[in-house]
Amino acid sequence: MADRVTVIGWDGSPLTAAARSALSAATLVAGAAHHLALPEVPPAAERIRLGSLGLAARRIAGHRGTAVVFADGDPGFFGAVRTLRAPEHGLEVEVVPAVSAVAAAFARAGMPWDDAQVVVAHPRTLRRAVNVCRAHGKVAVLTSPGAGPAELALLLGGVHRTFVICEELGTSKEQVTVLTSDRVPDHNWRDPNVVIVIGGQAVAAPAAPSATAADPAWLLGQGAAHTGGRGWARAGAGEGEGESALLRAAQLARLGPRTGDLVWDIGTGSGALAVEAAAFGAAVIAVDADPRACERAAAAARKRGVQLQVVAGRAPHVLEDLPEPDVVRIGGGGAAVARAVADRRPERIVSHASTRDEAEAIGHALTEGGYTVECALLQSVGLDTRTWSEQDRSVVFLLAAERPANR
């Protein structure tokens, strides 16, 4: 095992005294080509060109001597430190930090970033990174080959955003480019790069009733959707048929929308469920054949301060051009829509029906599509607390379907 491992963050600034001291004693230096070309790297040290950090970590673990690992930006922020400290390598590391690439990118753009989401895009996580860009108005994306600015823009499709693309930060080749997302795929972009994705509706955060009103920016990455009133599945949110707060609560509980997910809300109605799914951090596409319902959903999203893509059209045909969903709520369309949704293989699907026959038809469609289906009869009775008399009664069948893990 290496006697000592020092991870040096590099942001293009002159190396600190601590970094120079660690380098002077190094018998092995790992980093990118521009790191290994630094004049402070000892000529006699073994050099490892970083490709796979895991492979490099195994080499370092077997090295007898003093090792230095270079990383762009702050190595503890989505960086090398996590991999090197993994239990299988058994390495104890010292860290010399630098300005993170995300902080540098926002500095070049002249923007604050305490309200930004930060995601890492690899080919395997690209779709989820795009969903974060759909759901939030300010996102920093740490890209990788095969999951760069062009791929991000292409998967965003018809969702309009502005890209601030920062290439090779800290080097003599540094370049910052601002483009609308539809123009990004027309260019070739150099690695490494950081992309700031901004846009969507701009909504001012509501005033807080406490002392935080004077200092609303206190939690990294949290915006207006998280500073509103408490609770979810709120009553009186423009409810229509099949949109009672209790049914909505049960549907959201089954779906479990989260950051990185894409939710389809088919037959969105008032948009109440779509808005609350977006408030959990998910990207949401609200679909309805009624243009007035689309307008209501968009207005509800503006009022709550969340991002929502609204698509006017009749399911199942309108679903053909939508990006792949993670979870789906079917608010209308019956068995035909259920079959079309099952063909797209989301992880979870919820629906409801007002009669047992309709519930059976939807349940059969989902079962034939390969899903495990549960159905429950939900009954709620509202009481007037002044007289404790019955105010209104609701009876509905709730269907929840889950795709088996091996399908």
# chains A, B, ... in the order shown; residues from 1 in each chain; ligands from 1
call {"tool": "residues_around", "arguments": {"residues": "Asp11 (chain A)", "least_positions_apart": "4", "cutoff": "8 Å", "atoms": "only C-alpha atoms", "output": "PyMOL selection string"}}
result
chain A and resi 72-73+98-101+169-170
call {"tool": "select_by_dssp", "arguments": {"residues": "region 112-348 of chain A", "states": "helix (DSSP H, G or I)", "output": "ChimeraX atom specification"}}
result
/A:126-135,149-156,181-186,211-214,224-226,245-255,272-279,291-304,317-321,334-343
call {"tool": "residues_around", "arguments": {"residues": "Leu152 (chain A)", "least_positions_apart": "5", "cutoff": "10 Å", "atoms": "only C-alpha atoms", "output": "list of chain:residue names"}}
result
A:Ala121, A:Leu126, A:Arg127, A:Ala129, A:Val130, A:Asn131, A:Cys133, A:Val141, A:Thr143, A:Gly146, A:Ala147, A:Gly157, A:Phe163, A:Ser181, A:Val184, A:Pro185, A:Val195, A:Val197
call {"tool": "closest_residue", "arguments": {"among": "A:Ser52, A:Ser354, A:Thr177, A:Ser244", "to": "Val381 (chain A)", "atoms": "only C-alpha atoms"}}
result
A:Ser244
